[in-house]
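Enquirer: Could you have a look at this structure, given as structure tokens, before my questions?
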Amino acid sequence: MIGKHLFSSFDRNNNIRAALIIILITIVFYYVGELLRPHLMLASFWPVNAVLTGIFIRYRNMFTGRHIFLAWMTMAVLDHYNGLSISGALLMNVANISFVIVAAWYIYDRHDEGLTLPMMTRLFPGVFLASLLCATAGAPASVHYFGDVFHVAWLAWFSEQLSTGMLIIPVILASGSQFSLRELKNCLPVFALLLSATCAFYVGGGASLTFTLPALIWCAMSYSLLMTVLISGLVGLSQIILVSVDLFSIDSSHLLSFVDSMTVTRVAVAAMEISPLICACKLLGLTERFEKVTVRANFDTLTKLYSRSGLFARLEQFKNKEISSKNSISIMLLDLDYFKHINDSYGHLAGDEVLREFSDRLRHYMNDRNIICRAGGEEFLIVSFNEKTQAQCYRLAEEIRLQICNTPFRAADRDLDVTVSIGFATSGMYPEITRGSSVRQTIDRLISHADENLYLAKREGRNKTAPLFA
């Protein structure tokens with residue numbers, strides 16, 4: 001991982017320092033590839049493109065034409081220094097820089113910070129497209145300057161860029177995430193990964209490379225993003241190295257020669273089948289948690305009525321509808337009178353019992369077309385689509401008020417007299433606020449008028465409905 005201090009200047013407007021950093025990164029990882037190739041006997045290992053791509057995505061102000069040109073020229077100079085002609089070095093590195101440009105452009109999004117889910121969905125297709133272009137540009141150069149066979153060179157370019165891109169870019173993008181070795185206290189996923197990797201090594205065969213897939217998914221569900229990226233990258237790189245040095249045979253069974261290819265294929269298919277199931281189960285669990293959180297946010301836990309946020313979530317279905325004489329709306333705001341006295345005299349449990357019973361009564365009085373909400377404390381709100389006139393709304397509000405004050409509430413093992421003040425407003429009472437307005441806009445304005453009328457009912461002595469209707 002690249003040291004964080006190396007990039008502390010990326011957010012500064014210092015072009016010289018930024019240029020030097022780009023040159024340094026290109027040189028370092030150019031020679032990392034050059035050193036690893038002969039020692040690991042890798043046919044091709046070129047990390048420069050993937051590292052530059054990750055840097056340009058993570059540090060967005062570095063992704064400029066000047067820095068791209070500088071990286072291309074640095075690679076060309078290094079290739080020329082190592083024996084390639086100037087024209088060959090420039091042409092060869094057109095392929096390299098094309099990978100960087102396409103991958104960074106496709107994966108980059110100014111709204112993303114670090115390795116986000118939307119970025120993850122663009123990661124593979126971006127690297128894939130960039131690898132296609134890189135191989136298409138690089139293979140002819142390999143044929144011309146090194147005498148390679150075209151399809152062999154094309155496949156080598158494509159597979160190498162695809163693998164290094166998927167291994168290195170996520171590590172750079174996730175490098176700002178939280179990371180702690182304490183995560184490894186839960187060692188079962190790592191143990192399962194080592195066990196499956198050991199089985200794959202001894203069984204051999206190309207299909208056995210998928211044996212580690214379920215364990216990798218288990219690691220992803222158990223560890224942080226950066227830890228998961230590091231583990232996945234280490235596993236992938238180890239597999240490439242083992243194959244390159246002929247310690248891992250992908251042509252046929254390796255040490256366990258009695259294991260036939262069909263057996264290996266069947267185990268590999270099982271590993272691939274269980275992996276999406278594990279992801280689906282995890283996603284289902286997250287979905288269920290999200291639904292529970294949404295229910296808690298949208299419903300009042302005490303009364304089981306809509307909360308204020310739940311009310312407006314419900315009203316989203318009406319956001320594009322307009323008010324007309326056929327779908328008029330009325331709003332009632334109800335406030336229990338002297339509710340603090342109940343809490344102070346009989347305790348908050350008694351107050352909760354009153355609130356629950358009051359909510360049950362409201363549900364009984366209203367039909368399914370009405371939306372009942374606990375707006376907060378002892379205040380309730382009713383959105384009605386039935387009462388079209390002021391007279392109808394007044395009669396309903398008075399019916400509720402009289403039912404409440406004439407029927408005692410049972411709380412704290414005694415009967416309590418409870419009254420309610422009600423303020424209401426209908427779209428017919430305020431036609432000026434409904435013209436050209438959606439249902440949601442109209443309700444917002446009617447709530448304000450109903451609140452004013454509720455204040456009037458309380459000022460008139462409580463246990464009143466306002467405005468009065470003769």
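Within each chain, counting starts at residue 1; across the structure tokens, chains are named A, B, ... in the order shown, with ligands numbered 1 upward in that order.
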Neighbouring residues of Trp46 of chain A were defined as those with any atom within 10 Å, considering only C-alpha atoms; residues of the same chain fewer than 3 positions away were excluded. Please report them as a PyMOL selection string.
Expert: chain A and resi 29-34+36-37+49-51+96+157+160-161+164-165
Enquirer: So which bits of segment 126-187 of chain A end up helix (DSSP H, G or I) when you DSSP the backbone, as a ChimeraX atom specification?
Expert: /A:126-146,150-173,181-185
Enquirer: In Å, with one decimal, what is the gap from atom CA of Ile97 of chain A to atom CA of Gly138 of chain A?
Expert: 10.5 Å
Enquirer: Do a neighbour search on Ala76 of chain A at 8 Å with only C-alpha atoms, toss out local chain neighbours closer than 3 positions, and write the hits as a PyMOL selection string.
Expert: chain A and resi 72-73+79-80+86+89-90+92-93
Enquirer: Let me see the file: selected residues, N, CA and C atoms, as a short mmCIF file (atom, residue, chain, number, x, y, z; two decimals), in the first residue's frame.
Expert:
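The result, written out as out30.cif:
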data_model
loop_
_atom_site.label_atom_id
_atom_site.label_comp_id
_atom_site.auth_asym_id
_atom_site.auth_seq_id
_atom_site.Cartn_x
_atom_site.Cartn_y
_atom_site.Cartn_z
N TRP A 72 2.71 8.90 -19.49
CA TRP A 72 2.99 8.23 -20.77
C TRP A 72 4.44 8.46 -21.18
N MET A 73 4.91 9.70 -21.09
CA MET A 73 6.28 10.00 -21.49
C MET A 73 7.29 9.33 -20.56
N ASP A 79 11.24 2.73 -21.21
CA ASP A 79 11.34 1.66 -22.20
C ASP A 79 12.49 1.91 -23.17
N HIS A 80 12.64 3.16 -23.58
CA HIS A 80 13.75 3.50 -24.49
C HIS A 80 15.08 3.29 -23.79
N ILE A 86 12.76 4.70 -29.89
CA ILE A 86 11.88 5.79 -29.45
C ILE A 86 10.47 5.58 -29.97
N ALA A 89 8.89 2.65 -28.17
CA ALA A 89 8.54 2.98 -26.78
C ALA A 89 7.27 3.83 -26.73
N LEU A 90 7.18 4.82 -27.64
CA LEU A 90 5.98 5.66 -27.67
C LEU A 90 4.75 4.86 -28.05
N MET A 92 4.29 1.54 -27.90
CA MET A 92 3.98 0.52 -26.89
C MET A 92 3.20 1.14 -25.73
N ASN A 93 3.59 2.33 -25.36
CA ASN A 93 2.96 2.95 -24.19
C ASN A 93 1.69 3.71 -24.51
#
Enquirer: With distances taken over only C-alpha atoms, which residue among A:Ser384, A:Leu355, A:Arg401, A:Gly126 lies nearest Asn367 of chain A?
Expert: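 Closest residue, counting only C-alpha atoms: A:Ser384.
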Enquirer: May I have all residues of segment 287-447 of chain A that DSSP, computed from the backbone, assigns to strand (DSSP E or B), given as a ChimeraX atom specification?
Expert: /A:299,306,322,330-336,371-376,379-384,409-411,414-416,420-426,438
Enquirer: Kindly save the residues from that selection, with C-alpha atoms included, as a PDB file, in the first residue's frame.
Expert:
ATOM      1  CA  PHE A 299     -44.748   4.406  12.852  1.00  0.00           C
ATOM      2  CA  TYR A 306     -48.074   6.935  11.533  1.00  0.00           C
ATOM      3  CA  GLU A 322     -53.691  17.988  -8.133  1.00  0.00           C
ATOM      4  CA  SER A 330     -59.532  18.167   5.138  1.00  0.00           C
ATOM      5  CA  ILE A 331     -57.010  18.316   7.965  1.00  0.00           C
ATOM      6  CA  MET A 332     -57.772  17.946  11.664  1.00  0.00           C
ATOM      7  CA  LEU A 333     -55.272  18.659  14.432  1.00  0.00           C
ATOM      8  CA  LEU A 334     -56.279  17.196  17.818  1.00  0.00           C
ATOM      9  CA  ASP A 335     -54.574  18.025  21.114  1.00  0.00           C
ATOM     10  CA  LEU A 336     -55.413  16.338  24.421  1.00  0.00           C
ATOM     11  CA  ILE A 371     -54.615   8.846   7.479  1.00  0.00           C
ATOM     12  CA  ILE A 372     -54.070   9.173  11.238  1.00  0.00           C
ATOM     13  CA  CYS A 373     -50.747  10.390  12.564  1.00  0.00           C
ATOM     14  CA  ARG A 374     -49.289  11.077  15.973  1.00  0.00           C
ATOM     15  CA  ALA A 375     -47.676  14.425  15.249  1.00  0.00           C
ATOM     16  CA  GLY A 376     -45.827  14.514  18.559  1.00  0.00           C
ATOM     17  CA  GLU A 379     -50.963  16.050  19.379  1.00  0.00           C
ATOM     18  CA  PHE A 380     -52.565  14.021  16.583  1.00  0.00           C
ATOM     19  CA  LEU A 381     -53.259  14.758  12.945  1.00  0.00           C
ATOM     20  CA  ILE A 382     -55.931  13.328  10.635  1.00  0.00           C
ATOM     21  CA  VAL A 383     -55.880  13.664   6.855  1.00  0.00           C
ATOM     22  CA  SER A 384     -59.361  12.970   5.478  1.00  0.00           C
ATOM     23  CA  PHE A 409     -60.637   6.712  29.799  1.00  0.00           C
ATOM     24  CA  ARG A 410     -59.454   3.767  31.886  1.00  0.00           C
ATOM     25  CA  ALA A 411     -55.906   4.325  33.177  1.00  0.00           C
ATOM     26  CA  ARG A 414     -59.398   4.429  37.546  1.00  0.00           C
ATOM     27  CA  ASP A 415     -61.657   6.346  35.153  1.00  0.00           C
ATOM     28  CA  LEU A 416     -60.167   9.582  33.886  1.00  0.00           C
ATOM     29  CA  VAL A 420     -59.615  17.245  23.309  1.00  0.00           C
ATOM     30  CA  SER A 421     -59.304  20.500  21.395  1.00  0.00           C
ATOM     31  CA  ILE A 422     -59.583  20.306  17.601  1.00  0.00           C
ATOM     32  CA  GLY A 423     -58.594  22.677  14.833  1.00  0.00           C
ATOM     33  CA  PHE A 424     -59.514  21.818  11.252  1.00  0.00           C
ATOM     34  CA  ALA A 425     -59.089  23.182   7.740  1.00  0.00           C
ATOM     35  CA  THR A 426     -60.452  22.010   4.392  1.00  0.00           C
ATOM     36  CA  SER A 438     -50.344  19.067  -5.616  1.00  0.00           C
TER      37      SER A 438
END
Enquirer: Considering only C-alpha atoms, can you say which of A:Cys393, A:Cys134, A:Val143, A:Cys405 comes closest to Met429 of chain A?
Expert: A:Cys393
